[in-house]
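final.pdb, holding PDB, C-alpha atoms:
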```pdb
MODEL        1
ATOM      1  CA  MET A  24       0.000   0.000   0.000
ATOM      2  CA  PRO A  25       1.499   3.355  -0.994
ATOM      3  CA  TRP A  26       2.084   6.127   1.502
ATOM      4  CA  ARG A  27       0.224   8.589  -0.758
ATOM      5  CA  VAL A  28      -1.602   8.456  -4.083
ATOM      6  CA  ILE A  29      -1.649  11.525  -6.323
ATOM      7  CA  ALA A  30      -2.924  12.279  -9.817
ATOM      8  CA  HIS A  31      -0.933  14.026 -12.521
ATOM      9  CA  ASP A  32      -1.867  14.409 -16.229
ATOM     10  CA  ASN A  33      -4.541  11.707 -16.133
ATOM     11  CA  GLN A  34      -2.081   9.285 -14.491
ATOM     12  CA  VAL A  35      -2.221   7.938 -10.953
ATOM     13  CA  TRP A  36       1.086   7.894  -9.076
ATOM     14  CA  HIS A  37       1.951   5.969  -5.916
ATOM     15  CA  VAL A  38       4.322   7.771  -3.570
ATOM     16  CA  ASP A  39       6.364   6.070  -0.843
ATOM     17  CA  ALA A  40       8.628   7.677   1.731
ATOM     18  CA  VAL A  41      11.828   6.245   3.181
ATOM     19  CA  ALA A  42      14.488   7.585   5.516
ATOM     20  CA  GLU A  43      18.136   7.594   4.528
ATOM     21  CA  ARG A  44      21.149   8.459   6.645
ATOM     22  CA  ARG A  45      24.473   8.860   4.934
ATOM     23  CA  ALA A  46      27.724   7.761   6.505
ATOM     24  CA  HIS A  47      29.217  10.098   9.111
ATOM     25  CA  THR A  48      26.056  12.188   9.482
ATOM     26  CA  GLN A  49      23.489  12.446  12.262
ATOM     27  CA  ALA A  50      20.567  13.593  10.154
ATOM     28  CA  TRP A  51      18.040  11.380   8.416
ATOM     29  CA  GLN A  52      16.890  12.623   5.007
ATOM     30  CA  LEU A  53      13.519  11.998   3.389
ATOM     31  CA  VAL A  54      13.620  10.132   0.089
ATOM     32  CA  LEU A  55      10.470   9.768  -1.986
ATOM     33  CA  THR A  56       9.764   7.220  -4.665
ATOM     34  CA  PHE A  57       7.160   7.913  -7.333
ATOM     35  CA  ARG A  58       5.703   5.006  -9.330
ATOM     36  CA  ALA A  59       3.112   5.312 -12.068
ATOM     37  CA  ALA A  60       0.238   3.000 -11.151
ATOM     38  CA  GLY A  61      -0.171   0.088 -13.530
ATOM     39  CA  ASP A  62       3.242   0.510 -15.184
ATOM     40  CA  HIS A  63       4.907  -2.120 -12.962
ATOM     41  CA  GLY A  64       8.008  -0.015 -12.409
ATOM     42  CA  THR A  65       8.589   1.208 -15.948
ATOM     43  CA  ARG A  66       7.863   4.792 -14.904
ATOM     44  CA  SER A  67       9.392   5.335 -11.506
ATOM     45  CA  PHE A  68      12.066   7.433  -9.845
ATOM     46  CA  TRP A  69      13.576   8.279  -6.459
ATOM     47  CA  THR A  70      14.206  11.834  -5.296
ATOM     48  CA  LEU A  71      15.420  13.566  -2.151
ATOM     49  CA  TYR A  72      12.916  15.821  -0.436
ATOM     50  CA  PRO A  73      14.316  18.791   1.538
ATOM     51  CA  LEU A  74      13.475  17.434   5.002
ATOM     52  CA  GLU A  75      15.943  16.298   7.649
ATOM     53  CA  ALA A  76      15.627  15.155  11.247
ATOM     54  CA  THR A  77      17.777  13.515  13.899
ATOM     55  CA  SER A  78      15.363  10.578  14.231
ATOM     56  CA  LYS A  79      13.391   8.586  11.706
ATOM     57  CA  SER A  80      10.173   8.986  13.640
ATOM     58  CA  SER A  81      10.548  12.760  13.684
ATOM     59  CA  LEU A  82      11.267  12.721   9.951
ATOM     60  CA  PHE A  83       8.107  10.750   9.195
ATOM     61  CA  ILE A  84       6.015  13.019  11.434
ATOM     62  CA  GLN A  85       7.245  15.984   9.395
ATOM     63  CA  ALA A  86       6.600  14.093   6.156
ATOM     64  CA  GLU A  87       2.944  13.616   7.084
ATOM     65  CA  ARG A  88       2.566  17.399   6.908
ATOM     66  CA  ILE A  89       3.657  17.593   3.263
ATOM     67  CA  PRO A  90       0.599  18.578   1.226
ATOM     68  CA  ASN A  91      -0.302  16.533  -1.846
ATOM     69  CA  ALA A  92       0.038  19.725  -3.896
ATOM     70  CA  ALA A  93       3.747  19.889  -2.991
ATOM     71  CA  LEU A  94       4.208  16.269  -4.072
ATOM     72  CA  ALA A  95       2.394  16.970  -7.348
ATOM     73  CA  GLN A  96       4.636  19.994  -7.944
ATOM     74  CA  LEU A  97       7.750  17.888  -7.341
ATOM     75  CA  LEU A  98       6.436  15.295  -9.784
ATOM     76  CA  THR A  99       5.708  17.963 -12.390
ATOM     77  CA  GLU A 100       9.246  19.363 -12.078
ATOM     78  CA  ARG A 101      10.810  15.936 -12.309
ATOM     79  CA  LEU A 102       8.819  14.926 -15.408
ATOM     80  CA  ALA A 103       9.486  18.225 -17.222
TER      81      ALA A 103
ENDMDL
END
```

The structure in this file should be written as structure tokens.
Amino acid sequence: MPWRVIAHDNQVWHVDAVAERRAHTQAWQLVLTFRAAGDHGTRSFWTLYPLEATSKSSLFIQAERIPNAALAQLLTERLA
């Protein structure tokens, strides 16, 4: 089950969120994956989202506040 589902240009996209922490850093970064529904991975990509936190739980709490419009804008920019 995707974290979020958004629509863009008559296409449904599934969005998932993961936390990534790079070596020698204390901050977790939010990484989003966008997958076009029904394409079985042929149209998908990963992208960093400008959110960081010192704990994964805090990061995901902040991520819940991201409006769908912001995710749609990110998708539009990435597909352009």

Answer key for the PyMOL selection byres ((chain A and resi 41) around 8), residues as an mmCIF file with C-alpha atoms, keeping the file's coordinate frame:
```
data_model
loop_
_atom_site.group_PDB
_atom_site.id
_atom_site.type_symbol
_atom_site.label_atom_id
_atom_site.label_comp_id
_atom_site.auth_asym_id
_atom_site.auth_seq_id
_atom_site.Cartn_x
_atom_site.Cartn_y
_atom_site.Cartn_z
ATOM 1 C CA ASP A 39 6.364 6.070 -0.843
ATOM 2 C CA ALA A 40 8.628 7.677 1.731
ATOM 3 C CA ALA A 42 14.488 7.585 5.516
ATOM 4 C CA GLU A 43 18.136 7.594 4.528
ATOM 5 C CA LEU A 53 13.519 11.998 3.389
ATOM 6 C CA VAL A 54 13.620 10.132 0.089
ATOM 7 C CA LEU A 55 10.470 9.768 -1.986
#
```

Could you give me, as a ChimeraX atom specification, the residues that sit within 7 Å of (-1.7, 3.0, -9.5) in the file's coordinates, counting only C-alpha atoms? /A:35-37,59-61

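Considering all atoms listed in the file, the residue among A:Trp26, A:Gln49, A:Asp32, A:Ala93 positioned nearest to A:Ser78 is A:Gln49.
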
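Distance annotation: of A:Gln85, A:Arg58, A:Thr77, A:Phe68, the residue with the minimal separation from A:Ile29 is A:Arg58; atom set is only C-alpha atoms.
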
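With atom CA of A:Arg101 on one side and atom CA of A:Ser81 on the other, the separation reads 26.2 Å.
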
How about completing stretch 75-88 of chain A with N, CA, C and O atoms and giving it to me as a compact mmCIF listing (two decimals), in the frame of the given file?
```txt
# COMPACT_ATOMS: atom_id res chain seq x y z
N GLU A 75 14.97 17.04 6.85
CA GLU A 75 15.94 16.30 7.65
C GLU A 75 15.50 16.29 9.10
O GLU A 75 14.82 17.21 9.55
N ALA A 76 15.93 15.25 9.82
CA ALA A 76 15.63 15.16 11.25
C ALA A 76 16.67 14.24 11.88
O ALA A 76 17.32 13.44 11.20
N THR A 77 16.80 14.35 13.19
CA THR A 77 17.78 13.52 13.90
C THR A 77 17.24 12.13 14.23
O THR A 77 17.99 11.27 14.66
N SER A 78 15.93 11.91 14.03
CA SER A 78 15.36 10.58 14.23
C SER A 78 14.42 10.26 13.08
O SER A 78 13.82 11.17 12.49
N LYS A 79 14.30 8.98 12.78
CA LYS A 79 13.39 8.59 11.71
C LYS A 79 11.95 8.92 12.05
O LYS A 79 11.20 9.38 11.19
N SER A 80 11.56 8.71 13.28
CA SER A 80 10.17 8.99 13.64
C SER A 80 9.84 10.47 13.47
O SER A 80 8.77 10.82 12.97
N SER A 81 10.75 11.32 13.86
CA SER A 81 10.55 12.76 13.68
C SER A 81 10.46 13.12 12.20
O SER A 81 9.65 13.95 11.79
N LEU A 82 11.28 12.48 11.39
CA LEU A 82 11.27 12.72 9.95
C LEU A 82 9.91 12.34 9.36
O LEU A 82 9.32 13.11 8.59
N PHE A 83 9.38 11.19 9.75
CA PHE A 83 8.11 10.75 9.20
C PHE A 83 6.93 11.58 9.71
O PHE A 83 5.95 11.79 9.00
N ILE A 84 7.05 12.10 10.92
CA ILE A 84 6.02 13.02 11.43
C ILE A 84 5.98 14.29 10.58
O ILE A 84 4.92 14.77 10.20
N GLN A 85 7.18 14.80 10.26
CA GLN A 85 7.24 15.98 9.40
C GLN A 85 6.72 15.67 7.99
O GLN A 85 6.04 16.49 7.37
N ALA A 86 7.02 14.48 7.50
CA ALA A 86 6.60 14.09 6.16
C ALA A 86 5.08 14.05 6.04
O ALA A 86 4.53 14.37 4.98
N GLU A 87 4.40 13.67 7.11
CA GLU A 87 2.94 13.62 7.08
C GLU A 87 2.32 14.99 6.83
O GLU A 87 1.20 15.08 6.37
N ARG A 88 3.07 16.03 7.10
CA ARG A 88 2.57 17.40 6.91
C ARG A 88 2.76 17.92 5.48
O ARG A 88 2.31 19.02 5.16
```
